[in-house]
>>> print(open('input-v8.pdb').read())   # PDB, C-alpha atoms and all ligand atoms
ATOM      1  CA  MET K 300      76.719  95.136 120.480
ATOM      2  CA  ALA K 301      77.261  91.747 118.833
ATOM      3  CA  SER K 302      80.811  90.747 117.876
ATOM      4  CA  GLY K 303      81.630  91.360 114.245
ATOM      5  CA  ALA K 304      84.117  91.476 111.399
ATOM      6  CA  VAL K 305      86.273  94.187 112.953
ATOM      7  CA  GLN K 306      85.668  93.390 116.611
ATOM      8  CA  GLY K 307      87.878  95.450 118.917
ATOM      9  CA  GLN K 308      89.621  97.349 116.116
ATOM     10  CA  VAL K 309      90.167 101.077 116.430
ATOM     11  CA  VAL K 310      88.794 102.916 113.413
ATOM     12  CA  VAL K 311      89.061 106.600 112.520
ATOM     13  CA  VAL K 312      86.598 107.946 109.946
ATOM     14  CA  THR K 313      87.194 111.514 108.799
ATOM     15  CA  GLY K 314      84.219 113.649 107.811
ATOM     16  CA  ALA K 315      81.887 111.281 109.664
ATOM     17  CA  GLY K 316      79.464 113.895 110.990
ATOM     18  CA  ARG K 317      77.001 113.258 108.172
ATOM     19  CA  GLY K 318      76.583 111.631 104.760
ATOM     20  CA  LEU K 319      78.710 108.671 103.733
ATOM     21  CA  GLY K 320      81.233 109.151 106.551
ATOM     22  CA  GLU K 321      78.456 108.839 109.122
ATOM     23  CA  ALA K 322      77.302 105.610 107.440
ATOM     24  CA  TYR K 323      80.879 104.226 107.489
ATOM     25  CA  ALA K 324      81.233 105.085 111.197
ATOM     26  CA  ARG K 325      77.916 103.395 112.024
ATOM     27  CA  ALA K 326      78.786 100.299 109.951
ATOM     28  CA  PHE K 327      82.142  99.920 111.718
ATOM     29  CA  ALA K 328      80.558 100.370 115.141
ATOM     30  CA  ALA K 329      77.887  97.781 114.303
ATOM     31  CA  ALA K 330      80.693  95.363 113.327
ATOM     32  CA  GLY K 331      82.333  95.730 116.735
ATOM     33  CA  ALA K 332      84.919  98.475 116.196
ATOM     34  CA  SER K 333      85.715 101.422 118.450
ATOM     35  CA  VAL K 334      85.216 104.468 116.255
ATOM     36  CA  VAL K 335      86.681 107.962 116.275
ATOM     37  CA  VAL K 336      84.020 110.053 114.550
ATOM     38  CA  ASN K 337      85.917 112.995 113.062
ATOM     39  CA  ASP K 338      84.311 116.049 111.474
ATOM     40  CA  LEU K 339      85.205 119.728 111.392
ATOM     41  CA  ASP K 340      81.527 120.220 112.217
ATOM     42  CA  ALA K 341      82.125 119.159 115.817
ATOM     43  CA  SER K 342      78.430 119.213 116.757
ATOM     44  CA  ASN K 343      77.639 116.705 114.002
ATOM     45  CA  ALA K 344      80.570 114.533 115.106
ATOM     46  CA  GLU K 345      79.195 114.648 118.678
ATOM     47  CA  ARG K 346      75.703 113.756 117.465
ATOM     48  CA  VAL K 347      76.910 110.694 115.529
ATOM     49  CA  ALA K 348      79.241 109.469 118.298
ATOM     50  CA  ALA K 349      76.527 109.918 120.944
ATOM     51  CA  SER K 350      74.007 108.002 118.888
ATOM     52  CA  ILE K 351      76.469 105.114 118.333
ATOM     53  CA  VAL K 352      77.109 104.970 122.073
ATOM     54  CA  ALA K 353      73.371 105.169 122.809
ATOM     55  CA  GLY K 354      72.924 102.131 120.523
ATOM     56  CA  GLY K 355      75.456 100.115 122.558
ATOM     57  CA  GLY K 356      78.516 100.835 120.376
ATOM     58  CA  THR K 357      81.839 102.478 121.161
ATOM     59  CA  ALA K 358      82.707 105.894 119.738
ATOM     60  CA  VAL K 359      84.202 109.281 120.513
ATOM     61  CA  ALA K 360      83.833 112.546 118.608
ATOM     62  CA  ASP K 361      86.758 114.508 117.178
ATOM     63  CA  GLY K 362      86.473 118.010 115.734
ATOM     64  CA  GLU K 363      89.766 118.378 113.833
ATOM     65  CA  ALA K 364      89.687 119.942 110.370
ATOM     66  CA  VAL K 365      91.938 117.543 108.466
ATOM     67  CA  GLY K 366      94.214 119.056 105.813
ATOM     68  CA  THR K 367      97.499 119.591 107.635
ATOM     69  CA  GLN K 368     100.021 117.255 109.204
ATOM     70  CA  GLU K 369      99.466 118.823 112.628
ATOM     71  CA  ALA K 370      95.707 118.186 112.510
ATOM     72  CA  ALA K 371      96.220 114.605 111.313
ATOM     73  CA  ASP K 372      98.752 113.940 114.075
ATOM     74  CA  ARG K 373      96.299 115.271 116.683
ATOM     75  CA  LEU K 374      93.535 113.082 115.226
ATOM     76  CA  VAL K 375      95.647 109.915 115.435
ATOM     77  CA  ALA K 376      96.837 110.897 118.934
ATOM     78  CA  HIS K 377      93.176 111.191 119.910
ATOM     79  CA  ALA K 378      92.538 107.609 118.717
ATOM     80  CA  LYS K 379      95.509 106.375 120.772
ATOM     81  CA  GLU K 380      94.385 108.282 123.840
ATOM     82  CA  ALA K 381      90.759 107.131 123.574
ATOM     83  CA  PHE K 382      91.261 103.512 122.472
ATOM     84  CA  GLY K 383      94.987 102.707 122.751
ATOM     85  CA  GLY K 384      95.974 102.700 119.055
ATOM     86  CA  ILE K 385      94.691 102.740 115.502
ATOM     87  CA  ASP K 386      93.898  99.851 113.134
ATOM     88  CA  VAL K 387      91.879 101.503 110.359
ATOM     89  CA  MET K 388      91.866 104.979 108.841
ATOM     90  CA  VAL K 389      89.059 105.948 106.446
ATOM     91  CA  THR K 390      89.931 109.236 104.721
ATOM     92  CA  ASN K 391      86.417 110.259 103.741
ATOM     93  CA  ALA K 392      86.365 114.004 104.600
ATOM     94  CA  GLY K 393      86.053 116.491 101.812
ATOM     95  CA  ALA K 394      84.466 119.657 100.535
ATOM     96  CA  ASP K 395      84.983 121.280  97.167
ATOM     97  CA  ARG K 396      84.370 124.386  95.069
ATOM     98  CA  ARG K 397      82.612 123.881  91.745
ATOM     99  CA  GLY K 398      82.180 125.840  88.554
ATOM    100  CA  SER K 399      83.756 126.643  85.207
ATOM    101  CA  VAL K 400      87.557 126.616  85.152
ATOM    102  CA  PHE K 401      87.293 130.179  83.776
ATOM    103  CA  ASP K 402      85.506 131.356  86.946
ATOM    104  CA  LEU K 403      87.269 129.371  89.676
ATOM    105  CA  THR K 404      89.976 131.234  91.586
ATOM    106  CA  THR K 405      93.272 129.873  92.845
ATOM    107  CA  ALA K 406      91.709 129.975  96.325
ATOM    108  CA  ASP K 407      88.900 127.708  95.066
ATOM    109  CA  TRP K 408      91.444 125.208  93.718
ATOM    110  CA  MET K 409      93.499 125.331  96.908
ATOM    111  CA  PHE K 410      90.419 124.815  99.091
ATOM    112  CA  THR K 411      89.437 121.670  97.176
ATOM    113  CA  LEU K 412      92.961 120.239  97.101
ATOM    114  CA  GLN K 413      93.506 121.076 100.780
ATOM    115  CA  THR K 414      90.417 119.281 102.051
ATOM    116  CA  HIS K 415      90.322 116.271  99.724
ATOM    117  CA  LEU K 416      93.914 115.611  98.659
ATOM    118  CA  PHE K 417      95.948 116.966 101.572
ATOM    119  CA  GLY K 418      93.304 115.883 104.080
ATOM    120  CA  THR K 419      93.611 112.338 102.729
ATOM    121  CA  MET K 420      97.379 112.408 102.439
ATOM    122  CA  HIS K 421      98.090 113.697 105.941
ATOM    123  CA  SER K 422      95.456 111.501 107.641
ATOM    124  CA  ALA K 423      96.752 108.397 105.858
ATOM    125  CA  LEU K 424     100.399 109.199 106.573
ATOM    126  CA  ALA K 425      99.767 109.923 110.260
ATOM    127  CA  ALA K 426      97.901 106.611 110.510
ATOM    128  CA  ALA K 427     100.673 104.791 108.608
ATOM    129  CA  ARG K 428     103.355 106.094 111.000
ATOM    130  CA  ALA K 429     101.316 104.966 114.021
ATOM    131  CA  MET K 430     100.547 101.573 112.445
ATOM    132  CA  ARG K 431     104.208 100.966 111.607
ATOM    133  CA  GLU K 432     105.153 101.761 115.209
ATOM    134  CA  GLN K 433     102.460  99.424 116.564
ATOM    135  CA  GLY K 434     103.699  96.614 114.285
ATOM    136  CA  ARG K 435     100.345  94.860 113.921
ATOM    137  CA  GLY K 436      99.440  95.964 110.398
ATOM    138  CA  GLY K 437      96.312  97.893 109.584
ATOM    139  CA  SER K 438      94.085  99.169 106.842
ATOM    140  CA  ILE K 439      93.868 102.551 105.145
ATOM    141  CA  ILE K 440      90.793 103.217 103.035
ATOM    142  CA  THR K 441      90.786 106.296 100.832
ATOM    143  CA  VAL K 442      87.804 107.716  98.959
ATOM    144  CA  VAL K 443      87.801 108.599  95.273
ATOM    145  CA  SER K 444      84.973 109.254  92.799
ATOM    146  CA  ASP K 445      84.014 108.625  89.188
ATOM    147  CA  ALA K 446      84.890 112.302  88.684
ATOM    148  CA  PHE K 447      88.610 111.530  88.542
ATOM    149  CA  HIS K 448      88.457 109.259  85.505
ATOM    150  CA  MET K 449      85.219 110.371  83.831
ATOM    151  CA  GLY K 450      85.657 114.145  83.765
ATOM    152  CA  LEU K 451      82.457 115.813  84.991
ATOM    153  CA  GLU K 452      81.372 119.332  84.132
ATOM    154  CA  GLY K 453      82.050 121.913  86.837
ATOM    155  CA  LEU K 454      84.054 119.421  88.879
ATOM    156  CA  CYS K 455      87.564 119.916  87.512
ATOM    157  CA  PRO K 456      89.194 120.734  90.904
ATOM    158  CA  TYR K 457      87.334 117.835  92.534
ATOM    159  CA  GLY K 458      88.405 115.425  89.780
ATOM    160  CA  THR K 459      91.976 116.691  90.092
ATOM    161  CA  ALA K 460      91.976 116.081  93.850
ATOM    162  CA  LYS K 461      90.446 112.617  93.473
ATOM    163  CA  GLY K 462      92.952 111.728  90.727
ATOM    164  CA  GLY K 463      95.699 112.772  93.140
ATOM    165  CA  ILE K 464      94.190 110.564  95.816
ATOM    166  CA  TYR K 465      94.170 107.633  93.385
ATOM    167  CA  GLY K 466      97.879 108.075  92.602
ATOM    168  CA  PHE K 467      98.656 108.558  96.292
ATOM    169  CA  MET K 468      96.746 105.408  97.208
ATOM    170  CA  ARG K 469      98.594 103.322  94.601
ATOM    171  CA  GLY K 470     102.008 104.569  95.701
ATOM    172  CA  LEU K 471     101.231 104.171  99.393
ATOM    173  CA  ALA K 472      99.994 100.614  98.817
ATOM    174  CA  VAL K 473     103.389  99.650  97.378
ATOM    175  CA  GLU K 474     105.238 101.042 100.407
ATOM    176  CA  LEU K 475     102.902  99.870 103.152
ATOM    177  CA  GLY K 476     101.905  96.445 101.790
ATOM    178  CA  PRO K 477     105.141  94.815 103.005
ATOM    179  CA  LEU K 478     104.366  96.142 106.520
ATOM    180  CA  GLY K 479     101.002  94.369 106.544
ATOM    181  CA  ILE K 480      99.134  97.636 106.068
ATOM    182  CA  SER K 481      96.669  97.475 103.174
ATOM    183  CA  VAL K 482      95.767 100.619 101.273
ATOM    184  CA  ASN K 483      92.678 100.662  99.050
ATOM    185  CA  ALA K 484      90.013 103.056  97.820
ATOM    186  CA  VAL K 485      86.262 103.116  97.618
ATOM    187  CA  SER K 486      84.571 105.039  94.823
ATOM    188  CA  PRO K 487      81.001 105.610  95.979
ATOM    189  CA  PRO K 488      78.276 105.689  93.342
ATOM    190  CA  MET K 489      75.960 108.712  93.381
ATOM    191  CA  THR K 490      74.674 108.577  96.942
ATOM    192  CA  GLN K 491      72.034 110.730  98.593
ATOM    193  CA  THR K 492      73.989 113.104 100.832
ATOM    194  CA  PRO K 493      73.676 116.908 101.302
ATOM    195  CA  PRO K 494      76.049 117.910  98.429
ATOM    196  CA  VAL K 495      74.339 115.471  96.051
ATOM    197  CA  ASN K 496      70.912 116.814  97.064
ATOM    198  CA  GLU K 497      72.176 120.317  96.258
ATOM    199  CA  PHE K 498      73.440 119.114  92.879
ATOM    200  CA  LEU K 499      70.104 117.460  92.062
ATOM    201  CA  GLU K 500      68.202 120.598  93.062
ATOM    202  CA  SER K 501      70.485 122.644  90.783
ATOM    203  CA  ARG K 502      69.751 120.294  87.877
ATOM    204  CA  VAL K 503      66.002 120.636  88.466
ATOM    205  CA  ALA K 504      66.370 124.447  88.662
ATOM    206  CA  ALA K 505      68.387 124.404  85.416
ATOM    207  CA  GLY K 506      65.513 122.582  83.691
ATOM    208  CA  ALA K 507      67.432 119.327  83.134
ATOM    209  CA  PRO K 508      65.645 116.876  80.821
ATOM    210  CA  GLU K 509      63.221 114.508  82.565
ATOM    211  CA  GLY K 510      65.272 111.526  81.291
ATOM    212  CA  GLU K 511      68.345 112.751  83.197
ATOM    213  CA  LEU K 512      66.383 113.320  86.419
ATOM    214  CA  GLU K 513      64.724 109.912  86.076
ATOM    215  CA  PHE K 514      68.174 108.298  85.665
ATOM    216  CA  PHE K 515      69.347 109.941  88.913
ATOM    217  CA  ARG K 516      66.196 108.902  90.763
ATOM    218  CA  ALA K 517      66.564 105.306  89.552
ATOM    219  CA  THR K 518      70.266 104.911  90.342
ATOM    220  CA  ILE K 519      70.879 107.012  93.448
ATOM    221  CA  GLN K 520      71.941 105.001  96.503
ATOM    222  CA  GLN K 521      71.467 105.622 100.209
ATOM    223  CA  PRO K 522      74.610 105.946 102.410
ATOM    224  CA  ASP K 523      73.836 102.877 104.520
ATOM    225  CA  GLU K 524      73.364 100.788 101.354
ATOM    226  CA  VAL K 525      76.958 101.351 100.207
ATOM    227  CA  ALA K 526      78.870 101.658 103.497
ATOM    228  CA  LEU K 527      79.692  98.026 104.188
ATOM    229  CA  ILE K 528      82.533  97.838 101.638
ATOM    230  CA  THR K 529      84.745  99.842 104.023
ATOM    231  CA  VAL K 530      84.197  97.263 106.775
ATOM    232  CA  ALA K 531      84.843  94.420 104.336
ATOM    233  CA  LEU K 532      88.161  95.988 103.275
ATOM    234  CA  ALA K 533      89.228  96.277 106.925
ATOM    235  CA  SER K 534      88.188  92.713 107.791
ATOM    236  CA  GLU K 535      90.756  89.908 107.957
ATOM    237  CA  ARG K 536      90.060  88.782 104.375
ATOM    238  CA  GLY K 537      89.771  92.291 103.002
ATOM    239  CA  ARG K 538      93.189  93.221 104.326
ATOM    240  CA  ALA K 539      94.788  90.859 101.843
ATOM    241  CA  LEU K 540      93.710  93.290  99.101
ATOM    242  CA  ASN K 541      96.024  96.171  98.283
ATOM    243  CA  GLY K 542      95.942  99.089  95.837
ATOM    244  CA  GLN K 543      92.387  98.386  94.621
ATOM    245  CA  VAL K 544      89.376 100.648  93.959
ATOM    246  CA  PHE K 545      85.882  99.275  94.608
ATOM    247  CA  THR K 546      82.437 100.653  93.861
ATOM    248  CA  MET K 547      79.603  99.112  95.837
ATOM    249  CA  THR K 548      75.907  99.628  95.170
ATOM    250  CA  ARG K 549      73.011  98.058  97.032
ATOM    251  CA  ASP K 550      73.182  95.020  94.734
ATOM    252  CA  SER K 551      76.547  95.067  92.939
ATOM    253  CA  LEU K 552      80.294  95.405  93.467
ATOM    254  CA  ALA K 553      82.771  96.554  90.822
ATOM    255  CA  VAL K 554      86.537  96.868  90.759
ATOM    256  CA  LEU K 555      87.979  99.772  88.808
ATOM    257  CA  ARG K 556      90.881  99.189  86.421
ATOM    258  CA  PRO K 557      91.946 102.639  85.184
ATOM    259  CA  ASN K 558      95.308 101.214  84.131
ATOM    260  CA  ALA K 559      93.793  98.897  81.500
ATOM    261  CA  THR K 560      95.491  99.647  78.170
ATOM    262  CA  LYS K 561      94.903  98.965  74.465
ATOM    263  CA  THR K 562      97.940  98.854  72.196
ATOM    264  CA  VAL K 563      98.505  98.979  68.437
ATOM    265  CA  GLY K 564     101.844  98.388  66.752
ATOM    266  CA  ALA K 565     103.611 100.669  64.270
ATOM    267  CA  GLU K 566     103.472  99.530  60.668
ATOM    268  CA  ASN K 567     106.967  98.497  59.511
ATOM    269  CA  GLY K 568     108.218  99.118  63.043
ATOM    270  CA  ALA K 569     108.351 102.934  62.791
ATOM    271  CA  TRP K 570     105.909 105.821  63.306
ATOM    272  CA  THR K 571     105.034 108.843  61.204
ATOM    273  CA  VAL K 572     102.981 111.740  62.592
ATOM    274  CA  ASP K 573     100.032 110.757  60.372
ATOM    275  CA  ALA K 574     100.212 107.087  61.348
ATOM    276  CA  LEU K 575     100.383 108.040  65.030
ATOM    277  CA  ALA K 576      97.398 110.397  64.736
ATOM    278  CA  GLU K 577      95.416 107.652  63.003
ATOM    279  CA  ALA K 578      96.420 105.009  65.556
ATOM    280  CA  ALA K 579      95.587 107.361  68.444
ATOM    281  CA  THR K 580      92.161 108.071  66.925
ATOM    282  CA  SER K 581      91.373 104.383  66.496
ATOM    283  CA  LEU K 582      92.565 103.548  70.046
ATOM    284  CA  ALA K 583      90.540 106.382  71.593
ATOM    285  CA  GLY K 584      87.421 105.386  69.657
TER     286      GLY K 584
HETATM  287  N1  LIG Y   1      77.816 111.351  97.759
HETATM  288  C1  LIG Y   1      78.301 110.881  96.651
HETATM  289  O1  LIG Y   1      77.556 110.588  95.685
HETATM  290  C2  LIG Y   1      79.772 110.665  96.501
HETATM  291  C3  LIG Y   1      80.240 110.052  95.314
HETATM  292  C4  LIG Y   1      81.611 109.832  95.162
HETATM  293  C5  LIG Y   1      82.483 110.198  96.176
HETATM  294  N2  LIG Y   1      81.998 110.795  97.310
HETATM  295  C6  LIG Y   1      82.983 111.150  98.332
HETATM  296  O2  LIG Y   1      82.536 110.645  99.592
HETATM  297  C7  LIG Y   1      82.985 111.508 100.638
HETATM  298  C8  LIG Y   1      81.808 111.953 101.486
HETATM  299  O3  LIG Y   1      80.892 112.626 100.652
HETATM  300  P1  LIG Y   1      79.432 113.022 101.131
HETATM  301  O4  LIG Y   1      78.597 113.069  99.905
HETATM  302  O5  LIG Y   1      79.029 112.190 102.291
HETATM  303  O6  LIG Y   1      79.694 114.540 101.595
HETATM  304  P2  LIG Y   1      79.165 115.390 102.849
HETATM  305  O7  LIG Y   1      79.426 116.806 102.514
HETATM  306  O8  LIG Y   1      77.769 114.999 103.216
HETATM  307  O9  LIG Y   1      80.120 114.908 104.022
HETATM  308  C9  LIG Y   1      81.444 115.332 104.106
HETATM  309  C10 LIG Y   1      81.756 115.623 105.556
HETATM  310  O10 LIG Y   1      83.144 115.985 105.626
HETATM  311  C11 LIG Y   1      83.259 117.060 106.537
HETATM  312  N3  LIG Y   1      84.490 117.794 106.235
HETATM  313  C12 LIG Y   1      84.727 118.613 105.171
HETATM  314  N4  LIG Y   1      85.990 119.064 105.219
HETATM  315  C13 LIG Y   1      86.553 118.528 106.340
HETATM  316  C14 LIG Y   1      87.826 118.627 106.939
HETATM  317  N5  LIG Y   1      88.798 119.379 106.396
HETATM  318  N6  LIG Y   1      88.056 117.943 108.095
HETATM  319  C15 LIG Y   1      87.088 117.183 108.653
HETATM  320  N7  LIG Y   1      85.852 117.074 108.131
HETATM  321  C16 LIG Y   1      85.592 117.728 106.986
HETATM  322  C17 LIG Y   1      82.009 117.891 106.333
HETATM  323  O11 LIG Y   1      81.751 118.723 107.458
HETATM  324  C18 LIG Y   1      80.950 116.812 106.120
HETATM  325  O12 LIG Y   1      80.364 116.433 107.342
HETATM  326  C19 LIG Y   1      83.745 112.653  99.955
HETATM  327  O13 LIG Y   1      85.121 112.356  99.914
HETATM  328  C20 LIG Y   1      83.152 112.640  98.558
HETATM  329  O14 LIG Y   1      84.031 113.187  97.606
HETATM  330  C21 LIG Y   1      80.674 111.030  97.487
END
>>> encode(input="input-v8.pdb", output="structure tokens")
Amino acid sequence: MASGAVQGQVVVVTGAGRGLGEAYARAFAAAGASVVVNDLDASNAERVAASIVAGGGTAVADGEAVGTQEAADRLVAHAKEAFGGIDVMVTNAGADRRGSVFDLTTADWMFTLQTHLFGTMHSALAAARAMREQGRGGSIITVVSDAFHMGLEGLCPYGTAKGGIYGFMRGLAVELGPLGISVNAVSPPMTQTPPVNEFLESRVAAGAPEGELEFFRATIQQPDEVALITVALASERGRALNGQVFTMTRDSLAVLRPNATKTVGAENGAWTVDALAEAATSLAG
């Protein structure tokens, strides 16, 4: 394969057996990286790794289910054993339980937090420990979603987990930046992967208005159209960025600023309950 932006780097992508993770793994391999293709669906991980290798790239499959420190440590050890170290960790893996908060069980909440939040946290921390030991910097790329700041129906546990990942990413960036390890997030737009197909089918079955379905059809992206941002963040220039969230579409790039604030002052320098309620209403509007 031709040399590229991340030539010779060792990249781990979790949940890379299909969907966006598969696209990230393929994009990294095409840019010259050696890729550990992780997925708890080991046969899908094998399929993706084999096809990268068949195309002239470098990859191995890994079947760990991320979510615990032990699994994350084994995953990073696998990268070291296969390729001698780790330069990039993309914490993409996730699965969630959806529904009304009045129907979801504690087990549903735990499942979602375990895969998304703890899967991200442990994978990133295991990579950070290895990168600190190696002393050559690195890049950690987490994955969030509009769901964490928009609030989407039926996705409360998912939004909670993604909000946790956002806070984790920001805190980790502060600690790892001085070590030359950048920590950022990508927030994919609605992209055509198996869970999104299921969601769209459910909207059709629920008789969603044609306008809504048309909006989805017009805006939905394909995984390979939005994958390159992960490679850009791991490239030499991209590594100068820290603590940022980017959304890439096939023809646009946005940075998310959830910490943007609007402020109003208290009249006469003091608040009353009524004045506060009025100020809060005008700020929220
Ligand atoms: N598709 C979208 O529109 C969209 C939008 C925003 C964010 N995202 C995020 O992008 C990521 C990938 O989403 P996708 O749509 O490609 O989903 P997907 O279900 O197609 O892929 C997720 C992969 O992760 C694997 N996985 C699940 N739990 C795992 C675990 N504990 N350990 C290892 N592998 C595990 C699954 O087997 C699957 O192959 C997720 O974090 C998702 O929240 C997706």
>>> resolve_selection(input="input-v8.pdb", expression="the PyMOL selection byres (((chain K and resi 551) around 12) and not hetatm)", output="ChimeraX atom specification")
/K:487-488,518,520,524-525,528,545-550,552-554
>>> residues_near_ligand(input="input-v8.pdb", ligand="ligand LIG 1 (chain Y)", cutoff="7 Å", atoms="all atoms listed in the file", output="PyMOL selection string")
chain K and resi 313-320+337-340+363-366+391-394+414-415+418+442-445+486-495
>>> axis_aligned_box(input="input-v8.pdb", around="region 480-490 of chain K", padding_each_side="5 Å", output="lines of an AutoDock Vina configuration file")
center_x = 86.9
center_y = 103.1
center_z = 99.7
size_x = 34.5
size_y = 21.2
size_z = 22.7
>>> residues_around(input="input-v8.pdb", residues="Glu577 (chain K)", least_positions_apart="4", cutoff="12 Å", atoms="all atoms listed in the file", output="VMD selection string")
chain K and resid 563 to 566 570 to 573 581 to 584
>>> atom_distance(input="input-v8.pdb", atom1="CA of Leu499 (chain K)", atom2="CA of Phe514 (chain K)")
11.3 Å
>>> resolve_selection(input="input-v8.pdb", expression="the PyMOL selection byres (((chain K and resi 423) around 9) and not hetatm)", output="ChimeraX atom specification")
/K:371,388-390,418-422,424-428,439-441,471
>>> resolve_selection(input="input-v8.pdb", expression="the PyMOL selection byres (((chain K and resi 408) around 12) and not hetatm)", output="PyMOL selection string")
chain K and resi 394-407+409-416+454-460
>>> closest_residue(input="input-v8.pdb", among="K:Ala507, K:Ala378, K:Ala539, K:Ala304", to="Gly436 (chain K)", atoms="only C-alpha atoms")
K:Ala539
>>> decode(input="input-v8.pdb", residues="region 397-416 of chain K", atoms="N, CA and C atoms", output="PDB file, in the first residue's frame")
ATOM      1  N   ARG K 397     -32.585   0.728  24.030  1.00  0.00           N
ATOM      2  CA  ARG K 397     -33.415   1.919  23.801  1.00  0.00           C
ATOM      3  C   ARG K 397     -34.826   1.738  24.326  1.00  0.00           C
ATOM      4  N   GLY K 398     -35.498   2.847  24.551  1.00  0.00           N
ATOM      5  CA  GLY K 398     -36.898   2.783  24.952  1.00  0.00           C
ATOM      6  C   GLY K 398     -37.223   3.898  25.927  1.00  0.00           C
ATOM      7  N   SER K 399     -38.467   3.887  26.404  1.00  0.00           N
ATOM      8  CA  SER K 399     -38.895   4.892  27.380  1.00  0.00           C
ATOM      9  C   SER K 399     -38.176   4.660  28.702  1.00  0.00           C
ATOM     10  N   VAL K 400     -37.843   5.748  29.387  1.00  0.00           N
ATOM     11  CA  VAL K 400     -37.184   5.609  30.699  1.00  0.00           C
ATOM     12  C   VAL K 400     -38.095   4.874  31.694  1.00  0.00           C
ATOM     13  N   PHE K 401     -39.407   4.826  31.412  1.00  0.00           N
ATOM     14  CA  PHE K 401     -40.313   4.118  32.324  1.00  0.00           C
ATOM     15  C   PHE K 401     -40.304   2.611  32.074  1.00  0.00           C
ATOM     16  N   ASP K 402     -39.743   2.186  30.943  1.00  0.00           N
ATOM     17  CA  ASP K 402     -39.691   0.750  30.621  1.00  0.00           C
ATOM     18  C   ASP K 402     -38.296   0.162  30.803  1.00  0.00           C
ATOM     19  N   LEU K 403     -37.266   0.993  30.658  1.00  0.00           N
ATOM     20  CA  LEU K 403     -35.895   0.464  30.717  1.00  0.00           C
ATOM     21  C   LEU K 403     -35.564  -0.013  32.129  1.00  0.00           C
ATOM     22  N   THR K 404     -34.864  -1.150  32.202  1.00  0.00           N
ATOM     23  CA  THR K 404     -34.472  -1.695  33.504  1.00  0.00           C
ATOM     24  C   THR K 404     -33.064  -1.213  33.857  1.00  0.00           C
ATOM     25  N   THR K 405     -32.699  -1.431  35.108  1.00  0.00           N
ATOM     26  CA  THR K 405     -31.329  -1.095  35.520  1.00  0.00           C
ATOM     27  C   THR K 405     -30.328  -1.866  34.659  1.00  0.00           C
ATOM     28  N   ALA K 406     -30.670  -3.114  34.317  1.00  0.00           N
ATOM     29  CA  ALA K 406     -29.768  -3.913  33.474  1.00  0.00           C
ATOM     30  C   ALA K 406     -29.594  -3.251  32.105  1.00  0.00           C
ATOM     31  N   ASP K 407     -30.670  -2.656  31.575  1.00  0.00           N
ATOM     32  CA  ASP K 407     -30.564  -1.960  30.285  1.00  0.00           C
ATOM     33  C   ASP K 407     -29.589  -0.776  30.396  1.00  0.00           C
ATOM     34  N   TRP K 408     -29.743  -0.005  31.472  1.00  0.00           N
ATOM     35  CA  TRP K 408     -28.845   1.142  31.686  1.00  0.00           C
ATOM     36  C   TRP K 408     -27.409   0.670  31.826  1.00  0.00           C
ATOM     37  N   MET K 409     -27.206  -0.369  32.619  1.00  0.00           N
ATOM     38  CA  MET K 409     -25.842  -0.857  32.869  1.00  0.00           C
ATOM     39  C   MET K 409     -25.199  -1.364  31.577  1.00  0.00           C
ATOM     40  N   PHE K 410     -26.006  -2.071  30.769  1.00  0.00           N
ATOM     41  CA  PHE K 410     -25.479  -2.595  29.497  1.00  0.00           C
ATOM     42  C   PHE K 410     -24.946  -1.444  28.636  1.00  0.00           C
ATOM     43  N   THR K 411     -25.750  -0.388  28.519  1.00  0.00           N
ATOM     44  CA  THR K 411     -25.369   0.739  27.654  1.00  0.00           C
ATOM     45  C   THR K 411     -24.133   1.451  28.203  1.00  0.00           C
ATOM     46  N   LEU K 412     -24.131   1.690  29.518  1.00  0.00           N
ATOM     47  CA  LEU K 412     -22.976   2.377  30.116  1.00  0.00           C
ATOM     48  C   LEU K 412     -21.724   1.516  30.033  1.00  0.00           C
ATOM     49  N   GLN K 413     -21.902   0.195  30.224  1.00  0.00           N
ATOM     50  CA  GLN K 413     -20.751  -0.717  30.193  1.00  0.00           C
ATOM     51  C   GLN K 413     -20.081  -0.708  28.820  1.00  0.00           C
ATOM     52  N   THR K 414     -20.863  -0.829  27.770  1.00  0.00           N
ATOM     53  CA  THR K 414     -20.255  -0.935  26.440  1.00  0.00           C
ATOM     54  C   THR K 414     -19.716   0.427  25.993  1.00  0.00           C
ATOM     55  N   HIS K 415     -20.548   1.457  26.042  1.00  0.00           N
ATOM     56  CA  HIS K 415     -20.096   2.753  25.517  1.00  0.00           C
ATOM     57  C   HIS K 415     -19.126   3.458  26.472  1.00  0.00           C
ATOM     58  N   LEU K 416     -19.596   3.735  27.694  1.00  0.00           N
ATOM     59  CA  LEU K 416     -18.787   4.582  28.585  1.00  0.00           C
ATOM     60  C   LEU K 416     -17.583   3.828  29.149  1.00  0.00           C
TER      61      LEU K 416
END
